[in-house]
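Containing mmCIF, C-alpha atoms (C1' of nucleotides): entry37.cif.
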data_my_file
#
loop_
_atom_site.label_atom_id
_atom_site.label_comp_id
_atom_site.auth_asym_id
_atom_site.auth_seq_id
_atom_site.Cartn_x
_atom_site.Cartn_y
_atom_site.Cartn_z
CA MET A 2 -5.32 -1.22 -3.51
CA PRO A 3 -6.70 1.52 -1.39
CA GLU A 4 -5.84 5.03 -2.36
CA LEU A 5 -8.15 7.97 -1.73
CA PRO A 6 -10.86 6.96 -4.24
CA GLU A 7 -11.13 3.39 -2.97
CA VAL A 8 -11.33 4.55 0.64
CA GLU A 9 -13.99 7.10 -0.36
CA VAL A 10 -16.08 4.33 -1.93
CA VAL A 11 -15.83 2.29 1.25
CA LYS A 12 -16.73 5.34 3.33
CA GLN A 13 -19.87 6.04 1.34
CA SER A 14 -21.04 2.48 1.58
CA LEU A 15 -20.37 2.33 5.32
CA ASN A 16 -22.32 5.53 5.83
CA GLU A 17 -25.28 4.09 3.97
CA ASN A 18 -25.20 0.92 5.99
CA ILE A 19 -24.07 1.50 9.57
CA ILE A 20 -24.88 5.11 10.41
CA HIS A 21 -27.00 5.46 13.61
CA LYS A 22 -26.62 1.74 14.30
CA THR A 23 -25.26 0.33 17.54
CA ILE A 24 -22.30 -2.02 17.76
CA LYS A 25 -23.67 -5.05 19.55
CA LYS A 26 -20.61 -7.24 19.52
CA VAL A 27 -16.96 -7.01 18.53
CA ILE A 28 -14.77 -9.94 17.54
CA VAL A 29 -11.03 -9.59 17.08
CA ARG A 30 -9.44 -12.72 15.64
CA ASN A 31 -5.98 -11.33 15.05
CA ARG A 32 -4.65 -8.40 17.05
CA ASN A 33 -1.41 -8.18 15.14
CA LEU A 34 -2.21 -5.60 12.52
CA ARG A 35 0.27 -2.79 11.87
CA PHE A 36 -0.42 -1.68 15.41
CA LYS A 37 -1.40 -4.21 18.01
CA ILE A 38 -5.07 -4.01 18.92
CA PRO A 39 -5.29 -3.57 22.69
CA PHE A 40 -7.29 -6.09 24.70
CA ASN A 41 -9.79 -3.46 25.83
CA PHE A 42 -10.67 -2.53 22.24
CA GLU A 43 -13.77 -4.73 22.12
CA ASN A 44 -15.29 -3.42 25.33
CA SER A 45 -14.40 0.17 24.49
CA ILE A 46 -16.54 0.27 21.38
CA LYS A 47 -19.23 -2.22 22.30
CA ASN A 48 -22.70 -0.62 22.62
CA LYS A 49 -21.45 2.55 20.95
CA LYS A 50 -23.56 4.09 18.23
CA ILE A 51 -22.14 5.08 14.84
CA ILE A 52 -22.57 8.85 14.54
CA LYS A 53 -20.94 9.21 11.13
CA VAL A 54 -18.29 7.68 8.89
CA ASP A 55 -15.82 10.11 7.39
CA ARG A 56 -12.60 9.98 5.47
CA PHE A 57 -9.40 11.95 5.31
CA SER A 58 -6.77 10.98 2.78
CA LYS A 59 -6.63 7.18 2.91
CA TYR A 60 -7.96 7.00 6.46
CA LEU A 61 -11.49 6.00 7.45
CA ILE A 62 -12.82 7.83 10.47
CA ILE A 63 -15.74 6.39 12.40
CA TYR A 64 -17.25 8.79 14.92
CA LEU A 65 -18.80 6.90 17.82
CA SER A 66 -21.22 8.02 20.49
CA GLY A 67 -19.36 9.28 23.55
CA GLU A 68 -16.65 11.16 21.64
CA LYS A 69 -14.46 8.20 20.80
CA ILE A 70 -13.27 7.77 17.24
CA CYS A 71 -12.21 4.64 15.41
CA LEU A 72 -9.46 5.35 12.89
CA ILE A 73 -8.98 2.74 10.18
CA HIS A 74 -6.33 2.35 7.51
CA LEU A 75 -6.58 -0.38 4.89
CA GLY A 76 -2.84 -0.58 4.27
CA MET A 77 -2.00 -2.42 1.07
CA SER A 78 -4.49 -5.23 1.15
CA GLY A 79 -7.27 -4.34 3.57
CA THR A 80 -10.94 -4.66 2.58
CA ILE A 81 -14.18 -4.20 4.46
CA HIS A 82 -17.15 -6.40 3.73
CA ILE A 83 -20.73 -6.08 4.83
CA ILE A 84 -22.63 -9.23 5.63
CA TYR A 85 -26.39 -8.83 5.93
CA LYS A 86 -28.07 -11.02 8.50
CA LYS A 87 -31.04 -11.88 6.27
CA LYS A 88 -28.84 -13.00 3.42
CA PHE A 89 -26.51 -14.85 5.77
CA LEU A 90 -29.35 -16.86 7.31
CA LYS A 91 -30.62 -17.89 3.90
CA PHE A 92 -27.47 -19.85 3.29
CA THR A 93 -26.65 -21.30 6.68
CA ASN A 94 -28.08 -22.29 10.03
CA ALA A 95 -25.00 -21.05 11.85
CA SER A 96 -25.32 -18.27 14.40
CA PHE A 97 -24.95 -14.84 12.83
CA TYR A 98 -23.35 -13.48 15.99
CA ASN A 99 -20.81 -16.19 16.69
CA SER A 100 -19.86 -18.02 13.52
CA PRO A 101 -16.66 -17.09 11.78
CA CYS A 102 -18.11 -15.58 8.65
CA LEU A 103 -16.88 -16.97 5.37
CA PRO A 104 -13.91 -19.26 5.02
CA ASN A 105 -11.18 -16.69 5.20
CA LYS A 106 -8.25 -16.79 7.57
CA HIS A 107 -7.63 -13.08 7.05
CA ASN A 108 -10.93 -11.90 8.49
CA HIS A 109 -9.37 -10.17 11.48
CA ILE A 110 -12.12 -7.99 12.92
CA GLU A 111 -15.91 -8.09 12.97
CA LEU A 112 -18.21 -5.33 14.15
CA ILE A 113 -21.63 -6.86 14.60
CA PHE A 114 -24.87 -4.86 14.49
CA ASP A 115 -28.45 -6.09 14.74
CA SER A 116 -29.10 -6.57 11.06
CA LEU A 117 -25.61 -6.76 9.60
CA LYS A 118 -21.95 -7.03 10.37
CA ILE A 119 -18.82 -5.55 8.88
CA ILE A 120 -15.72 -7.64 8.45
CA TYR A 121 -12.19 -6.32 8.16
CA ASN A 122 -10.03 -8.55 5.99
CA ASP A 123 -6.35 -7.90 5.43
CA PRO A 124 -3.90 -10.57 4.22
CA ARG A 125 -0.76 -8.48 4.61
CA ARG A 126 -1.86 -6.84 7.85
CA PHE A 127 -0.36 -3.47 6.94
CA GLY A 128 -3.62 -1.83 7.87
CA PHE A 129 -4.84 -0.90 11.34
CA PHE A 130 -7.75 -0.12 13.65
CA GLU A 131 -6.99 2.51 16.23
CA LEU A 132 -9.23 3.92 18.92
CA LEU A 133 -8.85 7.64 19.62
CA LYS A 134 -10.18 9.54 22.62
CA ASN A 135 -11.74 12.50 20.80
CA LYS A 136 -11.48 14.96 17.92
CA LYS A 137 -8.45 16.62 19.39
CA ASP A 138 -6.69 13.27 19.44
CA LEU A 139 -7.68 12.70 15.83
CA LYS A 140 -6.33 16.04 14.75
CA LYS A 141 -3.02 15.26 16.40
CA ARG A 142 -2.92 11.83 14.84
CA LEU A 143 -3.43 13.15 11.29
CA ASN A 144 -1.40 16.27 11.80
CA HIS A 145 1.55 15.11 9.71
CA LEU A 146 -0.57 14.76 6.56
CA GLY A 147 -0.52 17.37 3.82
CA TYR A 148 -3.53 18.79 2.00
CA GLU A 149 -5.83 16.57 0.03
CA PRO A 150 -5.70 17.23 -3.71
CA PHE A 151 -9.20 18.77 -3.50
CA ASP A 152 -8.12 21.34 -0.93
CA LYS A 153 -7.98 24.92 -2.17
CA HIS A 154 -4.60 25.26 -0.48
CA PHE A 155 -3.24 22.65 -2.89
CA ASN A 156 -2.45 25.34 -5.44
CA VAL A 157 0.38 26.52 -7.68
CA LYS A 158 1.86 28.76 -5.02
CA TYR A 159 2.00 25.88 -2.54
CA LEU A 160 3.63 23.52 -5.03
CA LEU A 161 6.30 25.97 -6.15
CA LYS A 162 7.16 26.79 -2.57
CA PHE A 163 7.26 23.16 -1.50
CA PHE A 164 9.51 22.11 -4.39
CA LYS A 165 12.08 24.86 -3.83
CA ARG A 166 15.53 23.55 -3.01
CA LYS A 167 14.26 19.97 -3.02
CA ASN A 168 16.01 17.36 -5.06
CA LYS A 169 13.49 14.58 -5.44
CA ASN A 170 11.56 13.76 -8.57
CA ILE A 171 7.91 14.69 -8.91
CA LYS A 172 6.69 11.10 -8.68
CA SER A 173 8.02 10.64 -5.17
CA PHE A 174 6.43 13.92 -4.09
CA LEU A 175 3.03 12.73 -5.28
CA LEU A 176 3.53 9.70 -3.05
CA ASP A 177 4.74 11.82 -0.16
CA GLN A 178 1.73 12.11 2.14
CA LYS A 179 3.26 15.11 3.89
CA PHE A 180 3.16 16.99 0.60
CA VAL A 181 -0.25 15.86 -0.63
CA SER A 182 -2.29 13.15 1.00
CA GLY A 183 -4.39 10.49 -0.62
CA ILE A 184 -2.48 9.74 -3.80
CA GLY A 185 -0.78 6.36 -4.13
CA ASN A 186 1.33 4.62 -6.72
CA ILE A 187 -1.42 3.98 -9.28
CA TYR A 188 -2.90 7.44 -9.43
CA ALA A 189 0.52 9.10 -9.26
CA SER A 190 1.45 7.48 -12.58
CA GLU A 191 -1.91 8.34 -14.13
CA ILE A 192 -1.76 11.98 -12.99
CA LEU A 193 1.72 12.45 -14.45
CA PHE A 194 0.73 10.87 -17.74
CA LYS A 195 -2.27 13.16 -18.10
CA SER A 196 -0.02 16.11 -17.25
CA LYS A 197 2.61 15.00 -19.84
CA ILE A 198 5.30 15.10 -17.17
CA ASN A 199 8.03 12.50 -16.79
CA PRO A 200 7.88 10.89 -13.33
CA ASN A 201 11.61 11.26 -12.91
CA LYS A 202 11.62 14.99 -13.55
CA LYS A 203 13.02 16.95 -10.64
CA ALA A 204 10.14 18.70 -8.93
CA LYS A 205 12.04 21.96 -8.55
CA LEU A 206 12.27 22.23 -12.34
CA LEU A 207 8.49 22.30 -12.81
CA ASN A 208 7.06 25.62 -13.99
CA LYS A 209 3.73 27.22 -13.09
CA THR A 210 1.89 25.64 -16.01
CA GLU A 211 3.10 22.17 -15.12
CA CYS A 212 2.18 22.62 -11.48
CA GLY A 213 -1.25 23.79 -12.58
CA LEU A 214 -1.65 20.66 -14.69
CA ILE A 215 -0.69 18.40 -11.81
CA ILE A 216 -3.22 20.08 -9.54
CA ARG A 217 -6.05 19.98 -12.07
CA ASN A 218 -5.37 16.40 -13.12
CA SER A 219 -5.03 15.16 -9.55
CA LYS A 220 -8.52 16.41 -8.79
CA LYS A 221 -9.94 15.15 -12.06
CA ILE A 222 -8.47 11.66 -11.95
CA LEU A 223 -9.37 11.06 -8.32
CA MET A 224 -12.93 12.30 -8.90
CA ASP A 225 -13.31 10.12 -11.99
CA ALA A 226 -12.04 7.14 -10.05
CA ILE A 227 -14.49 7.77 -7.22
CA ASN A 228 -17.34 7.98 -9.69
CA LYS A 229 -16.30 4.66 -11.21
CA GLY A 230 -16.25 2.93 -7.82
CA GLY A 231 -12.46 3.01 -7.52
CA SER A 232 -9.92 0.74 -9.18
CA SER A 233 -9.88 -3.00 -8.68
CA ILE A 234 -6.36 -4.33 -8.93
CA LYS A 235 -5.88 -7.86 -7.69
CA ASN A 236 -8.92 -8.04 -5.49
CA PHE A 237 -10.08 -4.67 -4.31
CA LYS A 238 -13.81 -4.85 -3.79
CA ASN A 239 -16.21 -2.47 -2.21
CA THR A 240 -18.19 -3.51 0.83
CA ASP A 241 -20.75 -5.33 -1.30
CA GLY A 242 -18.07 -7.40 -2.97
CA LYS A 243 -18.40 -5.47 -6.22
CA HIS A 244 -15.39 -4.37 -8.21
CA GLY A 245 -14.66 -0.80 -9.21
CA THR A 246 -14.05 -0.15 -12.89
CA PHE A 247 -11.51 2.65 -13.03
CA GLN A 248 -8.78 0.13 -13.90
CA ASN A 249 -10.37 0.05 -17.36
CA ASN A 250 -9.51 3.72 -17.70
CA PHE A 251 -5.81 3.40 -16.90
CA TYR A 252 -3.57 5.04 -19.46
CA VAL A 253 -0.24 3.79 -18.12
CA TYR A 254 -0.54 1.77 -14.93
CA GLN A 255 0.26 -1.89 -15.64
CA ARG A 256 0.42 -1.16 -19.37
CA GLU A 257 4.14 -1.78 -19.78
CA GLY A 258 5.06 -2.46 -23.41
CA LEU A 259 1.69 -1.38 -24.78
CA ASN A 260 1.12 1.57 -27.09
CA CYS A 261 0.64 5.02 -25.65
CA LYS A 262 -3.06 5.86 -25.73
CA ARG A 263 -2.49 9.52 -26.45
CA ILE A 264 -3.69 10.50 -29.91
CA ASN A 265 -0.81 11.13 -32.31
CA CYS A 266 1.79 9.68 -29.92
CA ASP A 267 3.76 6.68 -31.18
CA GLY A 268 5.29 5.96 -27.79
CA ARG A 269 5.21 2.78 -25.76
CA ILE A 270 4.59 2.59 -22.05
CA LYS A 271 7.70 1.99 -19.98
CA LYS A 272 8.02 0.70 -16.45
CA LYS A 273 10.87 1.93 -14.31
CA ILE A 274 11.61 1.87 -10.63
CA PHE A 275 12.14 5.30 -9.08
CA SER A 276 12.76 5.48 -5.34
CA LYS A 277 11.78 1.84 -4.84
CA ARG A 278 8.35 2.17 -6.48
CA SER A 279 7.41 1.21 -10.01
CA SER A 280 6.42 4.04 -12.34
CA PHE A 281 4.59 3.64 -15.62
CA PHE A 282 4.97 6.33 -18.25
CA CYS A 283 5.33 7.12 -21.93
CA ASN A 284 8.86 8.31 -22.56
CA ILE A 285 7.84 10.15 -25.71
CA CYS A 286 4.97 12.39 -24.65
CA GLN A 287 5.93 12.77 -20.98
CA LYS A 288 8.74 15.30 -20.84
"C1'" DA B 26 16.25 19.26 6.80
"C1'" DA B 27 16.02 16.11 3.27
"C1'" DG B 28 16.51 11.78 1.29
"C1'" DA B 29 17.67 6.87 1.09
"C1'" DG B 30 16.78 2.48 2.79
"C1'" DG B 31 14.88 -1.07 5.70
"C1'" DC B 32 11.07 -3.19 7.62
"C1'" DC B 33 6.32 -4.89 8.71
"C1'" DC B 34 3.47 -9.31 6.14
"C1'" DT B 35 1.23 -12.71 2.82
"C1'" DG B 36 0.17 -14.19 -1.75
"C1'" DA B 37 0.62 -14.37 -6.73
"C1'" DT B 38 3.56 -15.28 -10.31
"C1'" DA B 39 7.81 -16.38 -12.87
"C1'" DG B 40 11.75 -19.13 -13.57
"C1'" DC B 41 14.38 -23.14 -12.81
"C1'" DT C 30 5.46 -30.79 -9.05
"C1'" DG C 31 8.01 -28.11 -6.03
"C1'" DC C 32 11.41 -25.13 -4.85
"C1'" DT C 33 13.12 -20.15 -4.65
"C1'" DA C 34 13.17 -15.36 -5.93
"C1'" DT C 35 10.76 -11.29 -6.95
"C1'" DC C 36 7.18 -8.17 -6.70
"C1'" DA C 37 2.78 -5.88 -5.02
"C1'" DG C 38 -1.47 -0.66 -4.28
"C1'" DG C 39 1.48 1.98 2.17
"C1'" DG C 40 3.56 4.09 5.93
"C1'" DC C 41 6.69 4.41 9.67
"C1'" DC C 42 11.21 4.43 11.52
"C1'" DT C 43 16.26 5.07 11.55
"C1'" DC C 44 20.43 6.57 9.73
"C1'" DT C 45 23.33 9.73 7.24
#

For the structure just supplied, provide its representation as structure tokens.
Amino acid sequence: MPELPEVEVVKQSLNENIIHKTIKKVIVRNRNLRFKIPFNFENSIKNKKIIKVDRFSKYLIIYLSGEKICLIHLGMSGTIHIIYKKKFLKFTNASFYNSPCLPNKHNHIELIFDSLKIIYNDPRRFGFFELLKNKKDLKKRLNHLGYEPFDKHFNVKYLLKFFKRKNKNIKSFLLDQKFVSGIGNIYASEILFKSKINPNKKAKLLNKTECGLIIRNSKKILMDAINKGGSSIKNFKNTDGKHGTFQNNFYVYQREGLNCKRINCDGRIKKKIFSKRSSFFCNICQK
DNA sequence: AAGAGGCCCTGATAGC
DNA sequence: TGCTATCAGGGCCTCT
């Protein structure tokens, strides 16, 4: 689910809802996420105020009062839900602060504020919550990540230089977070379709024009997706439980066997596995 | 240095 | 119906 656009949607909604609020209580039901949540986690963030919620790549960054920073990754299946106290009390007499919200065994973490709480749900537990000491720590932690597609440094010169003497295909580079960060398997396929480039094409064979297309279309597709509330595959929902709609704009992802949507192209969408990940593409108009 | 592969984990779906 | 196999949007680690 969560690539850059989906995480951005979550970030915006968190900012609207929890900024300047104080964490009154923390419940951890399952510490075994990708990284084990230490036993002092709850006390470390209790009574801290939310300064701001930010995002880099697919990471959510919650700045807390007193310098500490909560870094969150949603992995493959993580979602964050907001439960409003008023609404909650309309439907039940249970205690807002103590009751295990909603019948879901994968609700692993709750941050409880006065008027609402946020719940982290993650069936596959590939996501994580990490507490960092300060900004310097954060910088170190995210140091391995490449530019976001929106960064001005993500330009033709950078691409050509990066691809030199490399042997991988372009699709795996788009998924390589050291090269460009924030793109995942869905948007990688969509970007390459829009750029008319075959996912299995060796990156070092791409010319300036093709690199330019990849850059422009990365920005465009991710922005479009953000504006449509992200893509809801399986069950991605935003914090209000609403679905995004960008999946309705997919040209290739999960369209195996269907006609190519490009005007004047008679192709059909193929699905092939390259470097262990499925790729969707039209083998007629993507060269 | 670069690339391939394995692994973490649950759930949905397909095939028998 | 109930079993098993396969696959899923990510990232980190190890080995060659």

Test item: chain B residues at most 9 Å from chain A, counting all atoms listed in the file, as a count of residues only: 7

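Coordinates place CA of Phe247 (chain A) at a distance of 7.8 Å from CA of Asp225 (chain A).
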
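Put simply, the PyMOL selection byres ((chain C) within 9 of (chain A)) in this file takes in C:DA37, C:DG38, C:DG39, C:DG40.
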
Nearby residues (only C-alpha atoms (C1' of nucleotides)) at most 8 Å from Cys286 (chain A), same-chain spacing under 5 positions excluded, as a PyMOL selection string: chain A and resi 197-198+266+268

Expansion of the PyMOL selection byres ((chain A and resi 285) around 12) into residues, as a VMD selection string: chain A and resid 194 197 to 199 260 to 263 265 to 271 282 to 284 286 to 288

How would the residues just picked look written out with C-alpha atoms as a short mmCIF file (atom, residue, chain, number, x, y, z; two decimals), keeping the file's coordinate frame?
data_model
loop_
_atom_site.label_atom_id
_atom_site.label_comp_id
_atom_site.auth_asym_id
_atom_site.auth_seq_id
_atom_site.Cartn_x
_atom_site.Cartn_y
_atom_site.Cartn_z
CA PHE A 194 0.73 10.87 -17.74
CA LYS A 197 2.61 15.00 -19.84
CA ILE A 198 5.30 15.10 -17.17
CA ASN A 199 8.03 12.50 -16.79
CA ASN A 260 1.12 1.57 -27.09
CA CYS A 261 0.64 5.02 -25.65
CA LYS A 262 -3.06 5.86 -25.73
CA ARG A 263 -2.49 9.52 -26.45
CA ASN A 265 -0.81 11.13 -32.31
CA CYS A 266 1.79 9.68 -29.92
CA ASP A 267 3.76 6.68 -31.18
CA GLY A 268 5.29 5.96 -27.79
CA ARG A 269 5.21 2.78 -25.76
CA ILE A 270 4.59 2.59 -22.05
CA LYS A 271 7.70 1.99 -19.98
CA PHE A 282 4.97 6.33 -18.25
CA CYS A 283 5.33 7.12 -21.93
CA ASN A 284 8.86 8.31 -22.56
CA CYS A 286 4.97 12.39 -24.65
CA GLN A 287 5.93 12.77 -20.98
CA LYS A 288 8.74 15.30 -20.84
#

Answer key for the PyMOL selection byres ((chain C and resi 34) around 9), residues as JSON, numbers by chain: {"B": [39, 40], "C": [33, 35]}

Interatomic distance (Å, one decimal) between CA of Ile113 (chain A) and CA of Glu7 (chain A): 22.9 Å

Long-range neighbours of Leu206 (chain A) as an NGL selection string, 9 Å cut-off, only C-alpha atoms (C1' of nucleotides), 4 positions minimum in chain: :A and (164-165 or 202)

Nearest to Thr246 (chain A) by atom-to-atom distance, counting all atoms listed in the file, from A:Asn170, A:Gln13, A:Pro6, A:Phe40: A:Pro6

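As for CA of Val8 (chain A) and CA of Thr80 (chain A), they are spaced 9.4 Å apart.
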
Taking N, CA and C atoms as the atom set, what does region 183-210 of chain A look like once completed, written as a PDB file, in the frame of the given file?
ATOM      1  N   GLY A 183      -3.313  11.243   0.008  1.00  0.00           N
ATOM      2  CA  GLY A 183      -4.390  10.490  -0.620  1.00  0.00           C
ATOM      3  C   GLY A 183      -4.000   9.820  -1.920  1.00  0.00           C
ATOM      4  N   ILE A 184      -2.914  10.314  -2.529  1.00  0.00           N
ATOM      5  CA  ILE A 184      -2.480   9.740  -3.800  1.00  0.00           C
ATOM      6  C   ILE A 184      -1.521   8.586  -3.529  1.00  0.00           C
ATOM      7  N   GLY A 185      -1.685   7.500  -4.247  1.00  0.00           N
ATOM      8  CA  GLY A 185      -0.780   6.360  -4.130  1.00  0.00           C
ATOM      9  C   GLY A 185      -0.123   6.074  -5.466  1.00  0.00           C
ATOM     10  N   ASN A 186       0.472   4.920  -5.573  1.00  0.00           N
ATOM     11  CA  ASN A 186       1.330   4.620  -6.720  1.00  0.00           C
ATOM     12  C   ASN A 186       0.576   4.560  -8.050  1.00  0.00           C
ATOM     13  N   ILE A 187      -0.653   4.087  -8.023  1.00  0.00           N
ATOM     14  CA  ILE A 187      -1.420   3.980  -9.280  1.00  0.00           C
ATOM     15  C   ILE A 187      -1.754   5.364  -9.815  1.00  0.00           C
ATOM     16  N   TYR A 188      -2.413   6.136  -8.964  1.00  0.00           N
ATOM     17  CA  TYR A 188      -2.900   7.440  -9.430  1.00  0.00           C
ATOM     18  C   TYR A 188      -1.752   8.405  -9.692  1.00  0.00           C
ATOM     19  N   ALA A 189      -0.633   8.243  -8.994  1.00  0.00           N
ATOM     20  CA  ALA A 189       0.520   9.100  -9.260  1.00  0.00           C
ATOM     21  C   ALA A 189       0.965   8.937 -10.712  1.00  0.00           C
ATOM     22  N   SER A 190       1.058   7.708 -11.181  1.00  0.00           N
ATOM     23  CA  SER A 190       1.450   7.480 -12.580  1.00  0.00           C
ATOM     24  C   SER A 190       0.419   8.054 -13.545  1.00  0.00           C
ATOM     25  N   GLU A 191      -0.847   7.857 -13.233  1.00  0.00           N
ATOM     26  CA  GLU A 191      -1.910   8.340 -14.130  1.00  0.00           C
ATOM     27  C   GLU A 191      -1.937   9.864 -14.195  1.00  0.00           C
ATOM     28  N   ILE A 192      -1.748  10.506 -13.047  1.00  0.00           N
ATOM     29  CA  ILE A 192      -1.760  11.980 -12.990  1.00  0.00           C
ATOM     30  C   ILE A 192      -0.615  12.550 -13.833  1.00  0.00           C
ATOM     31  N   LEU A 193       0.562  11.929 -13.710  1.00  0.00           N
ATOM     32  CA  LEU A 193       1.720  12.450 -14.450  1.00  0.00           C
ATOM     33  C   LEU A 193       1.565  12.208 -15.947  1.00  0.00           C
ATOM     34  N   PHE A 194       0.960  11.103 -16.309  1.00  0.00           N
ATOM     35  CA  PHE A 194       0.730  10.870 -17.740  1.00  0.00           C
ATOM     36  C   PHE A 194      -0.193  11.953 -18.305  1.00  0.00           C
ATOM     37  N   LYS A 195      -1.297  12.166 -17.624  1.00  0.00           N
ATOM     38  CA  LYS A 195      -2.270  13.160 -18.100  1.00  0.00           C
ATOM     39  C   LYS A 195      -1.642  14.552 -18.167  1.00  0.00           C
ATOM     40  N   SER A 196      -0.671  14.796 -17.281  1.00  0.00           N
ATOM     41  CA  SER A 196      -0.020  16.110 -17.250  1.00  0.00           C
ATOM     42  C   SER A 196       1.174  16.180 -18.198  1.00  0.00           C
ATOM     43  N   LYS A 197       1.468  15.088 -18.893  1.00  0.00           N
ATOM     44  CA  LYS A 197       2.610  15.000 -19.840  1.00  0.00           C
ATOM     45  C   LYS A 197       3.941  15.303 -19.157  1.00  0.00           C
ATOM     46  N   ILE A 198       4.058  14.843 -17.914  1.00  0.00           N
ATOM     47  CA  ILE A 198       5.300  15.100 -17.170  1.00  0.00           C
ATOM     48  C   ILE A 198       5.975  13.781 -16.840  1.00  0.00           C
ATOM     49  N   ASN A 199       7.265  13.704 -17.093  1.00  0.00           N
ATOM     50  CA  ASN A 199       8.030  12.500 -16.790  1.00  0.00           C
ATOM     51  C   ASN A 199       8.145  12.317 -15.268  1.00  0.00           C
ATOM     52  N   PRO A 200       7.871  11.103 -14.784  1.00  0.00           N
ATOM     53  CA  PRO A 200       7.880  10.890 -13.330  1.00  0.00           C
ATOM     54  C   PRO A 200       9.232  11.170 -12.692  1.00  0.00           C
ATOM     55  N   ASN A 201      10.281  11.072 -13.479  1.00  0.00           N
ATOM     56  CA  ASN A 201      11.610  11.260 -12.910  1.00  0.00           C
ATOM     57  C   ASN A 201      12.084  12.711 -12.990  1.00  0.00           C
ATOM     58  N   LYS A 202      11.232  13.582 -13.465  1.00  0.00           N
ATOM     59  CA  LYS A 202      11.620  14.990 -13.550  1.00  0.00           C
ATOM     60  C   LYS A 202      11.759  15.587 -12.148  1.00  0.00           C
ATOM     61  N   LYS A 203      12.824  16.312 -11.948  1.00  0.00           N
ATOM     62  CA  LYS A 203      13.020  16.950 -10.640  1.00  0.00           C
ATOM     63  C   LYS A 203      11.909  17.968 -10.389  1.00  0.00           C
ATOM     64  N   ALA A 204      11.308  17.869  -9.230  1.00  0.00           N
ATOM     65  CA  ALA A 204      10.140  18.700  -8.930  1.00  0.00           C
ATOM     66  C   ALA A 204      10.485  20.187  -8.990  1.00  0.00           C
ATOM     67  N   LYS A 205      11.706  20.526  -8.588  1.00  0.00           N
ATOM     68  CA  LYS A 205      12.040  21.960  -8.550  1.00  0.00           C
ATOM     69  C   LYS A 205      12.150  22.565  -9.955  1.00  0.00           C
ATOM     70  N   LEU A 206      12.184  21.706 -10.975  1.00  0.00           N
ATOM     71  CA  LEU A 206      12.270  22.230 -12.340  1.00  0.00           C
ATOM     72  C   LEU A 206      10.898  22.472 -12.973  1.00  0.00           C
ATOM     73  N   LEU A 207       9.837  22.133 -12.241  1.00  0.00           N
ATOM     74  CA  LEU A 207       8.490  22.300 -12.810  1.00  0.00           C
ATOM     75  C   LEU A 207       8.100  23.779 -12.810  1.00  0.00           C
ATOM     76  N   ASN A 208       7.509  24.217 -13.931  1.00  0.00           N
ATOM     77  CA  ASN A 208       7.060  25.620 -13.990  1.00  0.00           C
ATOM     78  C   ASN A 208       5.600  25.724 -13.549  1.00  0.00           C
ATOM     79  N   LYS A 209       5.095  26.964 -13.561  1.00  0.00           N
ATOM     80  CA  LYS A 209       3.730  27.220 -13.090  1.00  0.00           C
ATOM     81  C   LYS A 209       2.705  26.400 -13.850  1.00  0.00           C
ATOM     82  N   THR A 210       2.865  26.371 -15.173  1.00  0.00           N
ATOM     83  CA  THR A 210       1.890  25.640 -16.010  1.00  0.00           C
ATOM     84  C   THR A 210       1.858  24.170 -15.624  1.00  0.00           C
TER      85      THR A 210
END
